[in-house]
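Report on the structure given below.
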Amino acid sequence: MSKEKRSNWYALWRWFLCRCLDLFYKRMEVSGQSNIPKDKAIIFASNHTNALIDPLVITYYSGKQHYFMTRGDVFSIKIIDKIFRSWRMLPLFRMKDGIETLSRNNAEMEFVTNELAKGQTMIIFPEGSHFWKREIKPLKKGLVRMAYEVLEKNPDSELVVVPVGLYFNDMIKLNQDVLVNFGEPISVRDFPKEETPQKTFLRFNEHLRAKMQEQILCIDLEGEEAYEQAEAWRIELAKRLEIFTVKESFKLQKEFLERIANVQFQEKVTGKKLSLDEVLKMDELSAWWKAIEPNLYRSTASHPLVKAIKWPFYLLSFVQFFPLFYLGRWLLGKIKDRTFHNSIKFGLALLVQPIFTLIFAFLMVPIFGSWWAFLIYLVSVPLWAVLFTEWRGNQEVQF
């Protein structure tokens, strides 16, 4: 099999994106990187909760130069089409883009399967859309069909599918925790065949979905009210577990959600508005929580004196990012789908904020009478960005 073709331009862009993600999120961690083969074609199959952010955080840790599909209408401008394709973004046209555009997907799919057959990698979200809830929906057949088409083109292909689970402790706020979990690869060639291709596809999807489910936090409760209550408890629990690493906190949250999925527990709490403390005292959780609680302590970062010292610096950071803040608030007021919120914020920070940063940097020259002020200001921008995201991340109401 041919080795992965790598682009220096893509590598530079990936480095820049990763540094921006470092400023955008508080803590980013990874688990299961050793599950990523170094010399095989790979389809990364991930849950999809955070729009454009999802493929970026996978790229952050995978070490690969991926292809991935995005909405086709943004490729209508030629220069945008060229730039996006240089970043290995490919258009996927939908019915609402016009029925005449759907035929264009055939050429894109043909290109992708050819690239996978040559040993390239791809990110696919096999649920077929993005979903806010913490669960894995039944998978569409697009991924598995593509995988077996690759085998038809190259029977010697060692193509694997790596299940990926993305965890964001909050999918709207800035300065939050992120965990990328890579599961064990599934060999397409070695997967057991059924009597018909359709049955093989179905069994493969069932297996892949189960493996993806293992990599995420899953709230397995019936009813919207029960789900919202469990998510509220989980958010409060995550705040208490901030002393732990993101991986440790994820594991404890997963255990908590598995315990409250117990049928007897659900019968006890149905119709009741219980606080997290009341839940943690119940038989299903009390012993488990008593073993964890001694390891918790109050972070000095939340001490009132620390907050008071930081407040003037938060204010100065806001002065530098206020155009971005108000532009973002105006745009997000028009977006009903919350899964796009962080992608829009990140996009503004990536594409719009550099313009304002250069304007502020040039203003430093006449104010301080030296071009050194211009350079010093530019060097200090990452620090102001960290302060701004930290301050905004602590706010209950987000723009």
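By order of appearance in the structure tokens: chains A, B, ..., then residues from 1 within every chain, and ligands from 1 in the order shown.
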Using only C-alpha atoms, determine which residues lie at most 9 Å from region 14-30 of chain A, disregarding the query and same-chain residues fewer than 5 positions distant; provide the list as JSON, numbers by chain.
{"A": [9, 56, 57, 59, 60, 61, 65, 87, 174, 175, 176, 177, 178, 179, 180, 181, 182, 245, 246, 247, 346, 349, 350, 382, 383, 385, 386, 389, 390, 393]}
Take the selection from the previous step and output its residues with N, CA and C atoms, as a PDB file, in the first residue's frame.
```pdb
ATOM      1  N   TRP A   9       1.869  22.583   3.114  1.00  0.00           N
ATOM      2  CA  TRP A   9       0.875  23.632   3.337  1.00  0.00           C
ATOM      3  C   TRP A   9      -0.153  23.177   4.378  1.00  0.00           C
ATOM      4  N   LEU A  56     -11.544  19.186  13.715  1.00  0.00           N
ATOM      5  CA  LEU A  56     -10.308  19.887  14.091  1.00  0.00           C
ATOM      6  C   LEU A  56      -9.645  19.234  15.298  1.00  0.00           C
ATOM      7  N   VAL A  57     -10.439  18.854  16.305  1.00  0.00           N
ATOM      8  CA  VAL A  57      -9.819  18.250  17.499  1.00  0.00           C
ATOM      9  C   VAL A  57      -9.347  16.824  17.200  1.00  0.00           C
ATOM     10  N   THR A  59      -8.059  15.991  14.256  1.00  0.00           N
ATOM     11  CA  THR A  59      -6.809  16.279  13.545  1.00  0.00           C
ATOM     12  C   THR A  59      -5.703  16.666  14.521  1.00  0.00           C
ATOM     13  N   TYR A  60      -6.075  17.362  15.581  1.00  0.00           N
ATOM     14  CA  TYR A  60      -5.110  17.815  16.592  1.00  0.00           C
ATOM     15  C   TYR A  60      -4.267  16.641  17.097  1.00  0.00           C
ATOM     16  N   TYR A  61      -4.921  15.494  17.334  1.00  0.00           N
ATOM     17  CA  TYR A  61      -4.236  14.377  17.989  1.00  0.00           C
ATOM     18  C   TYR A  61      -3.927  13.188  17.088  1.00  0.00           C
ATOM     19  N   GLN A  65      -3.138  13.625   8.044  1.00  0.00           N
ATOM     20  CA  GLN A  65      -3.679  14.702   7.212  1.00  0.00           C
ATOM     21  C   GLN A  65      -4.951  14.175   6.561  1.00  0.00           C
ATOM     22  N   TRP A  87      -7.028  22.331   2.162  1.00  0.00           N
ATOM     23  CA  TRP A  87      -7.077  21.833   3.545  1.00  0.00           C
ATOM     24  C   TRP A  87      -7.755  20.468   3.616  1.00  0.00           C
ATOM     25  N   LEU A 174     -16.601  28.950  26.281  1.00  0.00           N
ATOM     26  CA  LEU A 174     -15.173  28.974  25.996  1.00  0.00           C
ATOM     27  C   LEU A 174     -14.409  28.398  27.179  1.00  0.00           C
ATOM     28  N   ASN A 175     -13.129  28.095  26.948  1.00  0.00           N
ATOM     29  CA  ASN A 175     -12.215  27.693  28.016  1.00  0.00           C
ATOM     30  C   ASN A 175     -12.694  26.441  28.750  1.00  0.00           C
ATOM     31  N   GLN A 176     -13.137  25.450  27.990  1.00  0.00           N
ATOM     32  CA  GLN A 176     -13.647  24.219  28.583  1.00  0.00           C
ATOM     33  C   GLN A 176     -12.675  23.063  28.329  1.00  0.00           C
ATOM     34  N   ASP A 177     -13.054  21.872  28.817  1.00  0.00           N
ATOM     35  CA  ASP A 177     -12.227  20.678  28.666  1.00  0.00           C
ATOM     36  C   ASP A 177     -12.656  19.864  27.451  1.00  0.00           C
ATOM     37  N   VAL A 178     -11.655  19.256  26.794  1.00  0.00           N
ATOM     38  CA  VAL A 178     -11.906  18.404  25.627  1.00  0.00           C
ATOM     39  C   VAL A 178     -11.118  17.104  25.799  1.00  0.00           C
ATOM     40  N   LEU A 179     -11.756  15.998  25.453  1.00  0.00           N
ATOM     41  CA  LEU A 179     -11.071  14.707  25.445  1.00  0.00           C
ATOM     42  C   LEU A 179     -11.390  14.009  24.125  1.00  0.00           C
ATOM     43  N   VAL A 180     -10.349  13.513  23.453  1.00  0.00           N
ATOM     44  CA  VAL A 180     -10.513  12.741  22.224  1.00  0.00           C
ATOM     45  C   VAL A 180     -10.117  11.301  22.525  1.00  0.00           C
ATOM     46  N   ASN A 181     -11.064  10.378  22.398  1.00  0.00           N
ATOM     47  CA  ASN A 181     -10.821   8.962  22.651  1.00  0.00           C
ATOM     48  C   ASN A 181     -10.757   8.196  21.334  1.00  0.00           C
ATOM     49  N   PHE A 182      -9.641   7.515  21.083  1.00  0.00           N
ATOM     50  CA  PHE A 182      -9.504   6.663  19.904  1.00  0.00           C
ATOM     51  C   PHE A 182      -9.652   5.207  20.348  1.00  0.00           C
ATOM     52  N   THR A 245      -7.515  15.056  36.102  1.00  0.00           N
ATOM     53  CA  THR A 245      -7.269  15.249  34.683  1.00  0.00           C
ATOM     54  C   THR A 245      -8.585  15.069  33.928  1.00  0.00           C
ATOM     55  N   VAL A 246      -8.613  15.507  32.681  1.00  0.00           N
ATOM     56  CA  VAL A 246      -9.835  15.361  31.880  1.00  0.00           C
ATOM     57  C   VAL A 246     -10.175  13.882  31.705  1.00  0.00           C
ATOM     58  N   LYS A 247      -9.162  13.042  31.493  1.00  0.00           N
ATOM     59  CA  LYS A 247      -9.404  11.602  31.330  1.00  0.00           C
ATOM     60  C   LYS A 247      -9.986  10.990  32.602  1.00  0.00           C
ATOM     61  N   PHE A 346     -15.030  30.089  17.030  1.00  0.00           N
ATOM     62  CA  PHE A 346     -13.668  29.741  16.631  1.00  0.00           C
ATOM     63  C   PHE A 346     -13.340  30.333  15.264  1.00  0.00           C
ATOM     64  N   ALA A 349     -12.621  33.992  15.648  1.00  0.00           N
ATOM     65  CA  ALA A 349     -11.310  34.190  16.273  1.00  0.00           C
ATOM     66  C   ALA A 349     -10.185  33.924  15.271  1.00  0.00           C
ATOM     67  N   LEU A 350     -10.423  32.969  14.386  1.00  0.00           N
ATOM     68  CA  LEU A 350      -9.401  32.547  13.437  1.00  0.00           C
ATOM     69  C   LEU A 350      -9.263  33.517  12.265  1.00  0.00           C
ATOM     70  N   PRO A 382      -1.469  36.242  22.603  1.00  0.00           N
ATOM     71  CA  PRO A 382      -1.904  34.948  23.143  1.00  0.00           C
ATOM     72  C   PRO A 382      -2.262  34.990  24.625  1.00  0.00           C
ATOM     73  N   LEU A 383      -1.513  35.781  25.408  1.00  0.00           N
ATOM     74  CA  LEU A 383      -1.828  35.915  26.833  1.00  0.00           C
ATOM     75  C   LEU A 383      -3.185  36.575  27.030  1.00  0.00           C
ATOM     76  N   ALA A 385      -5.606  36.535  24.925  1.00  0.00           N
ATOM     77  CA  ALA A 385      -6.614  35.582  24.454  1.00  0.00           C
ATOM     78  C   ALA A 385      -6.948  34.559  25.533  1.00  0.00           C
ATOM     79  N   VAL A 386      -5.928  34.090  26.243  1.00  0.00           N
ATOM     80  CA  VAL A 386      -6.150  33.139  27.345  1.00  0.00           C
ATOM     81  C   VAL A 386      -7.006  33.784  28.436  1.00  0.00           C
ATOM     82  N   THR A 389     -10.720  34.174  27.104  1.00  0.00           N
ATOM     83  CA  THR A 389     -11.473  32.917  27.072  1.00  0.00           C
ATOM     84  C   THR A 389     -11.745  32.395  28.478  1.00  0.00           C
ATOM     85  N   GLU A 390     -10.783  32.604  29.390  1.00  0.00           N
ATOM     86  CA  GLU A 390     -10.994  32.182  30.784  1.00  0.00           C
ATOM     87  C   GLU A 390     -12.142  32.965  31.405  1.00  0.00           C
ATOM     88  N   GLY A 393     -15.410  31.968  29.758  1.00  0.00           N
ATOM     89  CA  GLY A 393     -15.769  30.609  30.136  1.00  0.00           C
ATOM     90  C   GLY A 393     -16.390  30.508  31.508  1.00  0.00           C
TER      91      GLY A 393
END
```
Q.
Could you list, as a PyMOL selection string, every residue within 12 Å of region 331-335 of chain A, counting only C-alpha atoms and ignoring same-chain residues fewer than 5 positions away?
A. chain A and resi 172+324-326+340-345+347-348+398-399
Go ahead and write the selection's residues with N, CA and C atoms as a PDB file, in the first residue's frame.
```pdb
ATOM      1  N   ILE A 172     -20.838  24.928  24.475  1.00  0.00           N
ATOM      2  CA  ILE A 172     -21.063  26.318  24.083  1.00  0.00           C
ATOM      3  C   ILE A 172     -20.016  27.251  24.678  1.00  0.00           C
ATOM      4  N   LEU A 324     -14.856  41.423  18.424  1.00  0.00           N
ATOM      5  CA  LEU A 324     -15.177  40.010  18.223  1.00  0.00           C
ATOM      6  C   LEU A 324     -16.375  39.604  19.069  1.00  0.00           C
ATOM      7  N   PHE A 325     -16.417  40.077  20.298  1.00  0.00           N
ATOM      8  CA  PHE A 325     -17.494  39.740  21.228  1.00  0.00           C
ATOM      9  C   PHE A 325     -18.847  40.188  20.674  1.00  0.00           C
ATOM     10  N   TYR A 326     -18.948  41.430  20.254  1.00  0.00           N
ATOM     11  CA  TYR A 326     -20.240  41.951  19.794  1.00  0.00           C
ATOM     12  C   TYR A 326     -20.623  41.401  18.421  1.00  0.00           C
ATOM     13  N   PHE A 340     -23.587  24.742  16.369  1.00  0.00           N
ATOM     14  CA  PHE A 340     -22.725  25.595  15.554  1.00  0.00           C
ATOM     15  C   PHE A 340     -22.064  26.720  16.354  1.00  0.00           C
ATOM     16  N   HIS A 341     -22.469  26.921  17.596  1.00  0.00           N
ATOM     17  CA  HIS A 341     -22.021  28.102  18.334  1.00  0.00           C
ATOM     18  C   HIS A 341     -20.504  28.176  18.481  1.00  0.00           C
ATOM     19  N   ASN A 342     -19.876  27.109  18.956  1.00  0.00           N
ATOM     20  CA  ASN A 342     -18.434  27.177  19.153  1.00  0.00           C
ATOM     21  C   ASN A 342     -17.677  27.228  17.830  1.00  0.00           C
ATOM     22  N   SER A 343     -18.223  26.621  16.793  1.00  0.00           N
ATOM     23  CA  SER A 343     -17.570  26.696  15.479  1.00  0.00           C
ATOM     24  C   SER A 343     -17.563  28.133  14.967  1.00  0.00           C
ATOM     25  N   ILE A 344     -18.666  28.851  15.192  1.00  0.00           N
ATOM     26  CA  ILE A 344     -18.737  30.247  14.762  1.00  0.00           C
ATOM     27  C   ILE A 344     -17.766  31.097  15.573  1.00  0.00           C
ATOM     28  N   LYS A 345     -17.716  30.857  16.874  1.00  0.00           N
ATOM     29  CA  LYS A 345     -16.782  31.610  17.717  1.00  0.00           C
ATOM     30  C   LYS A 345     -15.340  31.354  17.278  1.00  0.00           C
ATOM     31  N   GLY A 347     -14.297  30.273  14.353  1.00  0.00           N
ATOM     32  CA  GLY A 347     -14.081  30.843  13.026  1.00  0.00           C
ATOM     33  C   GLY A 347     -13.834  32.339  13.079  1.00  0.00           C
ATOM     34  N   LEU A 348     -14.595  33.047  13.902  1.00  0.00           N
ATOM     35  CA  LEU A 348     -14.382  34.489  14.060  1.00  0.00           C
ATOM     36  C   LEU A 348     -13.003  34.781  14.641  1.00  0.00           C
ATOM     37  N   GLN A 398     -23.742  32.898  27.768  1.00  0.00           N
ATOM     38  CA  GLN A 398     -22.780  32.984  26.684  1.00  0.00           C
ATOM     39  C   GLN A 398     -23.385  33.751  25.499  1.00  0.00           C
ATOM     40  N   PHE A 399     -22.521  34.503  24.748  1.00  0.00           N
ATOM     41  CA  PHE A 399     -23.026  35.123  23.533  1.00  0.00           C
ATOM     42  C   PHE A 399     -23.114  34.050  22.463  1.00  0.00           C
TER      43      PHE A 399
END
```
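Distance check against Trp391 (chain A) using only C-alpha atoms: of A:Arg209, A:Arg240, A:Lys173, A:Lys336, the minimum falls on A:Lys173.
Of the residues listed (A:Ala41, A:Phe368, A:Phe204, A:Gln120), A:Ala41 shows the shortest atom-to-atom separation from Asp156 (chain A); distances use only C-alpha atoms.
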Kindly provide the residues of region 132-243 of chain A that approach region 106-117 of chain A to within 7 Å, each paired with its closest atom pair and their distance in Å to one decimal, based on only C-alpha atoms, listed by chain and increasing number, as a tab-separated table.
```
residue	atom	partner	partner_atom	distance
A:Met146	CA	A:Thr113	CA	6.5
A:Glu149	CA	A:Thr113	CA	6.9
A:Val150	CA	A:Ala117	CA	5.3
A:Lys153	CA	A:Ala117	CA	6.6
A:Asn154	CA	A:Ala117	CA	5.8
A:Ser157	CA	A:Ala117	CA	6.4
```
**Prompt:** Taking the backbone alone, and naming residues the way the document does, which bits of region 214-371 of chain A are alpha helix (DSSP H) by DSSP, as a ChimeraX atom specification?
**Reply:** /A:214,224-240,246-260,263-269,276-280,286-292,304-332,341-351,353-368,371
Create the file for the chosen residues now, containing C-alpha atoms and written as an mmCIF file, in the first residue's frame.
```cif
data_model
loop_
_atom_site.group_PDB
_atom_site.id
_atom_site.type_symbol
_atom_site.label_atom_id
_atom_site.label_comp_id
_atom_site.auth_asym_id
_atom_site.auth_seq_id
_atom_site.Cartn_x
_atom_site.Cartn_y
_atom_site.Cartn_z
ATOM 1 C CA GLU A 214 -17.779 2.964 24.502
ATOM 2 C CA GLU A 224 -36.613 14.505 27.695
ATOM 3 C CA GLU A 225 -37.083 15.525 31.328
ATOM 4 C CA ALA A 226 -34.999 12.615 32.640
ATOM 5 C CA TYR A 227 -32.260 13.386 30.116
ATOM 6 C CA GLU A 228 -32.105 17.088 31.037
ATOM 7 C CA GLN A 229 -31.983 16.240 34.740
ATOM 8 C CA ALA A 230 -29.134 13.763 34.248
ATOM 9 C CA GLU A 231 -27.195 16.257 32.139
ATOM 10 C CA ALA A 232 -27.634 18.938 34.837
ATOM 11 C CA TRP A 233 -26.242 16.519 37.442
ATOM 12 C CA ARG A 234 -23.353 15.637 35.134
ATOM 13 C CA ILE A 235 -22.429 19.297 34.590
ATOM 14 C CA GLU A 236 -22.384 19.932 38.335
ATOM 15 C CA LEU A 237 -20.348 16.774 38.906
ATOM 16 C CA ALA A 238 -17.823 17.834 36.238
ATOM 17 C CA LYS A 239 -17.253 21.114 38.100
ATOM 18 C CA ARG A 240 -16.476 19.200 41.296
ATOM 19 C CA VAL A 246 -9.835 15.361 31.880
ATOM 20 C CA LYS A 247 -9.404 11.602 31.330
ATOM 21 C CA GLU A 248 -9.978 10.840 35.015
ATOM 22 C CA SER A 249 -12.979 13.183 35.177
ATOM 23 C CA PHE A 250 -14.431 11.570 32.036
ATOM 24 C CA LYS A 251 -14.093 8.100 33.533
ATOM 25 C CA LEU A 252 -15.830 9.142 36.779
ATOM 26 C CA GLN A 253 -18.628 10.903 34.901
ATOM 27 C CA LYS A 254 -19.100 7.767 32.787
ATOM 28 C CA GLU A 255 -19.379 5.627 35.932
ATOM 29 C CA PHE A 256 -21.887 8.087 37.400
ATOM 30 C CA LEU A 257 -24.091 7.986 34.287
ATOM 31 C CA GLU A 258 -23.966 4.175 34.190
ATOM 32 C CA ARG A 259 -25.069 3.988 37.830
ATOM 33 C CA ILE A 260 -28.032 6.332 37.389
ATOM 34 C CA VAL A 263 -33.869 0.829 36.512
ATOM 35 C CA GLN A 264 -34.395 0.891 40.276
ATOM 36 C CA PHE A 265 -32.658 4.257 40.537
ATOM 37 C CA GLN A 266 -34.835 5.733 37.783
ATOM 38 C CA GLU A 267 -37.974 4.544 39.562
ATOM 39 C CA LYS A 268 -36.839 6.300 42.761
ATOM 40 C CA VAL A 269 -36.207 9.686 41.135
ATOM 41 C CA LEU A 276 -26.757 16.349 42.909
ATOM 42 C CA ASP A 277 -25.970 16.119 46.636
ATOM 43 C CA GLU A 278 -29.249 14.296 47.245
ATOM 44 C CA VAL A 279 -28.511 11.889 44.406
ATOM 45 C CA LEU A 280 -24.987 11.169 45.658
ATOM 46 C CA SER A 286 -23.157 6.789 48.250
ATOM 47 C CA ALA A 287 -20.289 4.285 48.652
ATOM 48 C CA TRP A 288 -18.860 5.179 45.235
ATOM 49 C CA TRP A 289 -18.906 8.908 46.025
ATOM 50 C CA LYS A 290 -17.402 8.490 49.512
ATOM 51 C CA ALA A 291 -14.353 6.884 47.901
ATOM 52 C CA ILE A 292 -13.933 9.877 45.551
ATOM 53 C CA PRO A 304 -12.233 35.487 45.683
ATOM 54 C CA LEU A 305 -8.827 37.164 46.097
ATOM 55 C CA VAL A 306 -7.484 35.507 42.940
ATOM 56 C CA LYS A 307 -10.583 36.597 41.037
ATOM 57 C CA ALA A 308 -10.207 40.159 42.332
ATOM 58 C CA ILE A 309 -6.566 40.284 41.197
ATOM 59 C CA LYS A 310 -7.450 38.964 37.748
ATOM 60 C CA TRP A 311 -10.457 41.229 37.195
ATOM 61 C CA PRO A 312 -8.520 44.272 35.818
ATOM 62 C CA PHE A 313 -6.686 41.965 33.394
ATOM 63 C CA TYR A 314 -9.992 40.432 32.295
ATOM 64 C CA LEU A 315 -11.239 43.955 31.592
ATOM 65 C CA LEU A 316 -8.143 44.791 29.538
ATOM 66 C CA SER A 317 -8.557 41.575 27.542
ATOM 67 C CA PHE A 318 -12.188 42.455 26.831
ATOM 68 C CA VAL A 319 -11.125 45.877 25.492
ATOM 69 C CA GLN A 320 -8.992 44.082 22.891
ATOM 70 C CA PHE A 321 -11.615 41.509 21.958
ATOM 71 C CA PHE A 322 -14.788 43.592 22.197
ATOM 72 C CA PRO A 323 -15.285 43.813 18.377
ATOM 73 C CA LEU A 324 -15.177 40.010 18.223
ATOM 74 C CA PHE A 325 -17.494 39.740 21.228
ATOM 75 C CA TYR A 326 -20.240 41.951 19.794
ATOM 76 C CA LEU A 327 -19.921 40.554 16.276
ATOM 77 C CA GLY A 328 -20.215 37.050 17.701
ATOM 78 C CA ARG A 329 -23.208 37.951 19.832
ATOM 79 C CA TRP A 330 -24.973 39.420 16.800
ATOM 80 C CA LEU A 331 -24.283 36.357 14.632
ATOM 81 C CA LEU A 332 -25.161 33.783 17.278
ATOM 82 C CA HIS A 341 -22.021 28.102 18.334
ATOM 83 C CA ASN A 342 -18.434 27.177 19.153
ATOM 84 C CA SER A 343 -17.570 26.696 15.479
ATOM 85 C CA ILE A 344 -18.737 30.247 14.762
ATOM 86 C CA LYS A 345 -16.782 31.610 17.717
ATOM 87 C CA PHE A 346 -13.668 29.741 16.631
ATOM 88 C CA GLY A 347 -14.081 30.843 13.026
ATOM 89 C CA LEU A 348 -14.382 34.489 14.060
ATOM 90 C CA ALA A 349 -11.310 34.190 16.273
ATOM 91 C CA LEU A 350 -9.401 32.547 13.437
ATOM 92 C CA LEU A 351 -10.395 34.777 10.523
ATOM 93 C CA GLN A 353 -9.752 38.724 15.135
ATOM 94 C CA PRO A 354 -6.325 38.896 13.388
ATOM 95 C CA ILE A 355 -7.596 41.976 11.505
ATOM 96 C CA PHE A 356 -8.543 43.762 14.731
ATOM 97 C CA THR A 357 -5.294 42.610 16.349
ATOM 98 C CA LEU A 358 -3.244 44.274 13.596
ATOM 99 C CA ILE A 359 -5.310 47.468 13.909
ATOM 100 C CA PHE A 360 -4.687 47.594 17.677
ATOM 101 C CA ALA A 361 -0.985 46.828 17.130
ATOM 102 C CA PHE A 362 -0.602 49.734 14.698
ATOM 103 C CA LEU A 363 -2.379 52.021 17.176
ATOM 104 C CA MET A 364 0.320 51.184 19.731
ATOM 105 C CA VAL A 365 2.969 52.889 17.568
ATOM 106 C CA PRO A 366 1.742 56.525 17.836
ATOM 107 C CA ILE A 367 0.606 55.989 21.434
ATOM 108 C CA PHE A 368 4.037 54.819 22.645
ATOM 109 C CA TRP A 371 7.645 50.206 16.626
#
```
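Of the residues listed (A:Trp132, A:Tyr148, A:Trp372, A:Phe201), A:Trp132 shows the shortest atom-to-atom separation from Asp337 (chain A); distances use only C-alpha atoms.
Taking CA of Leu274 (chain A) and CA of Glu293 (chain A) as the two end points, the separation is 19.4 Å.
Restricting the calculation to only C-alpha atoms, the smallest distance between Lys211 (chain A) and any of A:Pro55, A:Gly223, A:Gly63, A:Gly165 is found for A:Gly165.
Near Thr70 (chain A), within 8 Å and counting only C-alpha atoms, sit Met89, Leu90, Pro91 and Leu92 of chain A; same-chain residues fewer than 5 positions away were not included.
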Keeping only N, CA and C atoms, write those residues as a CSV table (one decimal), in the first residue's frame.
```csv
chain,number,residue,atom,x,y,z
A,89,MET,N,-10.7,19.6,2.7
A,89,MET,CA,-12.1,19.7,2.9
A,89,MET,C,-12.8,19.5,1.6
A,90,LEU,N,-13.8,18.6,1.6
A,90,LEU,CA,-14.5,18.3,0.3
A,90,LEU,C,-16.0,18.6,0.5
A,91,PRO,N,-16.7,19.0,-0.6
A,91,PRO,CA,-18.1,19.4,-0.5
A,91,PRO,C,-19.0,18.1,-0.5
A,92,LEU,N,-20.1,18.2,0.4
A,92,LEU,CA,-21.1,17.2,0.4
A,92,LEU,C,-22.4,18.0,0.2
```
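The coordinates place CA of Arg85 (chain A) at 20.6 Å from CA of Leu143 (chain A).
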Within 10 Å of Pro37 (chain A) using only C-alpha atoms, minus same-chain residues under 5 positions, as an MDAnalysis selection string: chainID A and resid 42 62 159:160 162 184:185
Suppose we keep N, CA and C atoms; can you now write the selection as a PDB file, in the first residue's frame?
```pdb
ATOM      1  N   ILE A  42      -7.039   4.766   6.902  1.00  0.00           N
ATOM      2  CA  ILE A  42      -7.904   4.831   8.088  1.00  0.00           C
ATOM      3  C   ILE A  42      -9.139   5.674   7.787  1.00  0.00           C
ATOM      4  N   SER A  62      -4.522  13.101  15.918  1.00  0.00           N
ATOM      5  CA  SER A  62      -4.362  11.887  15.120  1.00  0.00           C
ATOM      6  C   SER A  62      -2.992  11.776  14.461  1.00  0.00           C
ATOM      7  N   LEU A 159      -7.334  -1.325   5.000  1.00  0.00           N
ATOM      8  CA  LEU A 159      -8.177  -0.259   5.547  1.00  0.00           C
ATOM      9  C   LEU A 159      -8.776  -0.657   6.890  1.00  0.00           C
ATOM     10  N   VAL A 160      -8.683   0.255   7.859  1.00  0.00           N
ATOM     11  CA  VAL A 160      -9.311   0.048   9.165  1.00  0.00           C
ATOM     12  C   VAL A 160     -10.221   1.228   9.477  1.00  0.00           C
ATOM     13  N   VAL A 162     -11.400   3.391  12.718  1.00  0.00           N
ATOM     14  CA  VAL A 162     -11.081   3.676  14.122  1.00  0.00           C
ATOM     15  C   VAL A 162     -12.255   4.428  14.745  1.00  0.00           C
ATOM     16  N   GLU A 184     -10.065   0.886  19.497  1.00  0.00           N
ATOM     17  CA  GLU A 184      -9.285  -0.095  18.747  1.00  0.00           C
ATOM     18  C   GLU A 184      -9.766  -0.164  17.295  1.00  0.00           C
ATOM     19  N   PRO A 185      -8.832  -0.245  16.350  1.00  0.00           N
ATOM     20  CA  PRO A 185      -9.219  -0.256  14.930  1.00  0.00           C
ATOM     21  C   PRO A 185      -9.978  -1.530  14.545  1.00  0.00           C
TER      22      PRO A 185
END
```
Skipping near chain neighbours, those fewer than 5 positions away, what residues fall within 12 Å of Glu206 (chain A) using only C-alpha atoms, listed as a PyMOL selection string? chain A and resi 126-127+136-141+144+199-201+211-213
Now that the selection is made, can you save its residues with C-alpha atoms as a PDB file, in the first residue's frame?
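out34.pdb, freshly written:
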```pdb
ATOM      1  CA  PRO A 126     -21.521   8.051  10.382  1.00  0.00           C
ATOM      2  CA  GLU A 127     -24.635   9.220  12.246  1.00  0.00           C
ATOM      3  CA  ILE A 136     -24.831   7.554  19.349  1.00  0.00           C
ATOM      4  CA  LYS A 137     -27.687   7.461  16.879  1.00  0.00           C
ATOM      5  CA  PRO A 138     -28.106   4.484  14.502  1.00  0.00           C
ATOM      6  CA  LEU A 139     -25.417   4.741  11.834  1.00  0.00           C
ATOM      7  CA  LYS A 140     -26.083   5.473   8.178  1.00  0.00           C
ATOM      8  CA  LYS A 141     -24.724   3.117   5.498  1.00  0.00           C
ATOM      9  CA  VAL A 144     -19.568   1.000   5.439  1.00  0.00           C
ATOM     10  CA  LYS A 199     -26.398  -8.095   6.233  1.00  0.00           C
ATOM     11  CA  THR A 200     -22.643  -7.546   6.415  1.00  0.00           C
ATOM     12  CA  PHE A 201     -23.198  -3.782   6.299  1.00  0.00           C
ATOM     13  CA  LYS A 211     -17.502   0.587  19.834  1.00  0.00           C
ATOM     14  CA  MET A 212     -18.222   4.304  19.324  1.00  0.00           C
ATOM     15  CA  GLN A 213     -20.596   4.216  22.282  1.00  0.00           C
TER      16      GLN A 213
END
```
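Interatomic distance, CA of Gly119 (chain A) against CA of Lys40 (chain A): 6.0 Å.
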